[in-house]
$ cat coords.txt   # compact mmCIF, C-alpha atoms
# COMPACT_ATOMS: atom_id res chain seq x y z
CA MET V 657 -47.60 32.04 -64.53
CA LYS V 658 -50.49 33.12 -66.74
CA LYS V 659 -50.50 36.85 -67.45
CA SER V 660 -53.67 38.85 -66.91
CA SER V 661 -54.60 41.20 -69.76
CA ILE V 662 -55.92 43.74 -67.25
CA ILE V 663 -52.66 43.72 -65.30
CA GLU V 664 -50.60 43.86 -68.48
CA ALA V 665 -52.62 46.88 -69.72
CA ARG V 666 -52.01 48.70 -66.45
CA ARG V 667 -48.37 47.68 -66.47
CA ALA V 668 -47.92 49.25 -69.91
CA LYS V 669 -48.95 52.63 -68.45
CA VAL V 670 -46.32 52.51 -65.69
CA SER V 671 -43.06 54.38 -66.20
CA PRO V 672 -40.00 52.26 -67.00
CA GLU V 673 -38.35 53.33 -63.72
CA VAL V 674 -41.28 52.16 -61.60
CA ARG V 675 -41.62 48.98 -63.67
CA ARG V 676 -37.93 48.18 -63.08
CA ARG V 677 -38.31 48.74 -59.33
CA VAL V 678 -41.36 46.45 -59.14
CA ASP V 679 -39.65 43.79 -61.28
CA LEU V 680 -36.61 43.89 -59.01
CA SER V 681 -38.80 43.54 -55.93
CA PHE V 682 -40.44 40.44 -57.44
CA LEU V 683 -37.03 38.98 -58.28
CA ILE V 684 -35.96 39.42 -54.65
CA VAL V 685 -39.15 37.75 -53.42
CA ASP V 686 -38.70 34.89 -55.91
CA ARG V 687 -35.14 34.39 -54.67
CA ILE V 688 -36.25 34.32 -51.02
CA HIS V 689 -39.02 31.84 -51.89
CA SER V 690 -36.49 29.61 -53.66
CA ILE V 691 -34.11 29.65 -50.70
CA LEU V 692 -36.90 28.86 -48.26
CA GLU V 693 -38.03 25.98 -50.46
CA GLU V 694 -34.47 24.63 -50.79
CA LYS V 695 -34.11 24.67 -47.02
CA GLY V 696 -37.56 23.21 -46.34
CA LEU V 697 -38.61 26.38 -44.53
CA ARG V 698 -41.84 28.36 -44.53
CA GLN V 699 -42.50 32.08 -44.19
CA LYS V 700 -43.42 31.40 -40.58
CA ASP V 701 -39.94 29.95 -40.01
CA LEU V 702 -38.33 33.02 -41.57
CA ALA V 703 -40.45 35.25 -39.33
CA ASN V 704 -39.27 33.36 -36.25
CA MET V 705 -35.64 33.52 -37.39
CA LEU V 706 -35.89 37.29 -37.87
CA GLY V 707 -37.93 37.94 -34.72
CA LYS V 708 -40.79 39.30 -36.84
CA LYS V 709 -44.50 38.57 -37.05
CA GLU V 710 -45.55 36.17 -39.77
CA SER V 711 -47.95 38.84 -41.10
CA GLU V 712 -45.02 41.21 -41.71
CA ILE V 713 -43.12 38.57 -43.68
CA SER V 714 -46.29 37.83 -45.64
CA LYS V 715 -46.50 41.50 -46.63
CA TRP V 716 -42.86 41.44 -47.72
CA MET V 717 -43.42 38.37 -49.82
CA ARG V 718 -46.24 39.89 -51.88
CA GLY V 719 -43.64 41.61 -54.04
CA THR V 720 -44.61 45.19 -53.31
CA HIS V 721 -42.37 45.71 -50.27
CA ASN V 722 -39.50 48.16 -50.66
CA PHE V 723 -36.65 46.04 -49.31
CA THR V 724 -33.87 47.98 -47.61
CA ILE V 725 -30.26 46.82 -47.69
CA GLU V 726 -30.59 46.23 -43.93
CA THR V 727 -33.59 43.92 -44.43
CA ILE V 728 -31.93 42.00 -47.25
CA SER V 729 -28.76 41.64 -45.19
CA SER V 730 -30.74 40.36 -42.19
CA ILE V 731 -32.51 37.78 -44.36
CA GLU V 732 -29.21 36.68 -45.89
CA ASN V 733 -27.66 36.33 -42.43
CA VAL V 734 -30.41 34.12 -41.01
CA LEU V 735 -30.68 31.99 -44.16
CA GLY V 736 -26.93 31.78 -44.70
CA ILE V 737 -27.29 32.31 -48.45
CA PRO V 738 -26.91 35.49 -50.56
CA ILE V 739 -30.09 36.97 -52.01
CA LEU V 740 -28.45 39.59 -54.21
CA GLN V 741 -25.26 39.55 -56.18
CA VAL V 742 -23.66 42.89 -56.97
CA ALA V 743 -21.29 43.20 -59.89
CA GLU V 744 -18.12 45.15 -59.21
CA ALA V 745 -17.14 47.79 -61.73
$ encode --input "coords.txt" --output "structure tokens"
Amino acid sequence: MKKSSIIEARRAKVSPEVRRRVDLSFLIVDRIHSILEEKGLRQKDLANMLGKKESEISKWMRGTHNFTIETISSIENVLGIPILQVAEA
């Protein structure tokens, strides 16, 4: 993906903590997109599987949604594939 100089300039002004949170959100969205693609599914299909409106899933998939553990778990359950992997100490 081509990086926008305007976006990169704004990104440089964001605190490292916020930047990490946004980056993590985009990684989650990328993972969900990959799983949907692997399974030949669309966002509309995911919405139906979760009993949600397609517009809500669309908002999630923009990368700015603050995913809860409950939401991630629900998505993992309906897709049958883990989204996150947590390392044990």
$ closest_residue --input "coords.txt" --among "V:Leu740, V:Ser729, V:Ser671, V:Leu735" --to "Glu693 of chain V" --atoms "all atoms listed in the file"
V:Leu735
$ closest_residue --input "coords.txt" --among "V:Ala668, V:Met717, V:Gln741, V:Asn733" --to "Val685 of chain V" --atoms "all atoms listed in the file"
V:Met717
$ residues_around --input "coords.txt" --residues "Asp701 of chain V" --least-positions-apart "5" --cutoff "10 Å" --atoms "only C-alpha atoms" --output "list of chain:residue names"
V:Leu692, V:Gly696, V:Leu706, V:Gly707, V:Lys708, V:Glu710, V:Ile713
$ residues_around --input "coords.txt" --residues "Ser681 of chain V" --least-positions-apart "3" --cutoff "10 Å" --atoms "all atoms listed in the file" --output "PDB file with C-alpha atoms, in the coordinates of the input"
ATOM      1  CA  ARG V 675     -41.620  48.980 -63.670  1.00  0.00           C
ATOM      2  CA  ARG V 676     -37.930  48.180 -63.080  1.00  0.00           C
ATOM      3  CA  ARG V 677     -38.310  48.740 -59.330  1.00  0.00           C
ATOM      4  CA  VAL V 678     -41.360  46.450 -59.140  1.00  0.00           C
ATOM      5  CA  ILE V 684     -35.960  39.420 -54.650  1.00  0.00           C
ATOM      6  CA  VAL V 685     -39.150  37.750 -53.420  1.00  0.00           C
ATOM      7  CA  ASP V 686     -38.700  34.890 -55.910  1.00  0.00           C
ATOM      8  CA  ARG V 687     -35.140  34.390 -54.670  1.00  0.00           C
ATOM      9  CA  TRP V 716     -42.860  41.440 -47.720  1.00  0.00           C
ATOM     10  CA  MET V 717     -43.420  38.370 -49.820  1.00  0.00           C
ATOM     11  CA  ARG V 718     -46.240  39.890 -51.880  1.00  0.00           C
ATOM     12  CA  GLY V 719     -43.640  41.610 -54.040  1.00  0.00           C
ATOM     13  CA  THR V 720     -44.610  45.190 -53.310  1.00  0.00           C
ATOM     14  CA  HIS V 721     -42.370  45.710 -50.270  1.00  0.00           C
ATOM     15  CA  ASN V 722     -39.500  48.160 -50.660  1.00  0.00           C
ATOM     16  CA  PHE V 723     -36.650  46.040 -49.310  1.00  0.00           C
TER      17      PHE V 723
END
$ atom_distance --input "coords.txt" --atom1 "atom CA of Gly736 of chain V" --atom2 "atom CA of Leu680 of chain V"
21.1 Å
$ closest_residue --input "coords.txt" --among "V:Val670, V:Ile725, V:Ile731, V:Ile739" --to "Gln699 of chain V" --atoms "all atoms listed in the file"
V:Ile731
$ atom_distance --input "coords.txt" --atom1 "atom CA of Ile691 of chain V" --atom2 "atom CA of Val734 of chain V"
11.3 Å
$ atom_distance --input "coords.txt" --atom1 "atom CA of His689 of chain V" --atom2 "atom CA of Glu664 of chain V"
23.5 Å
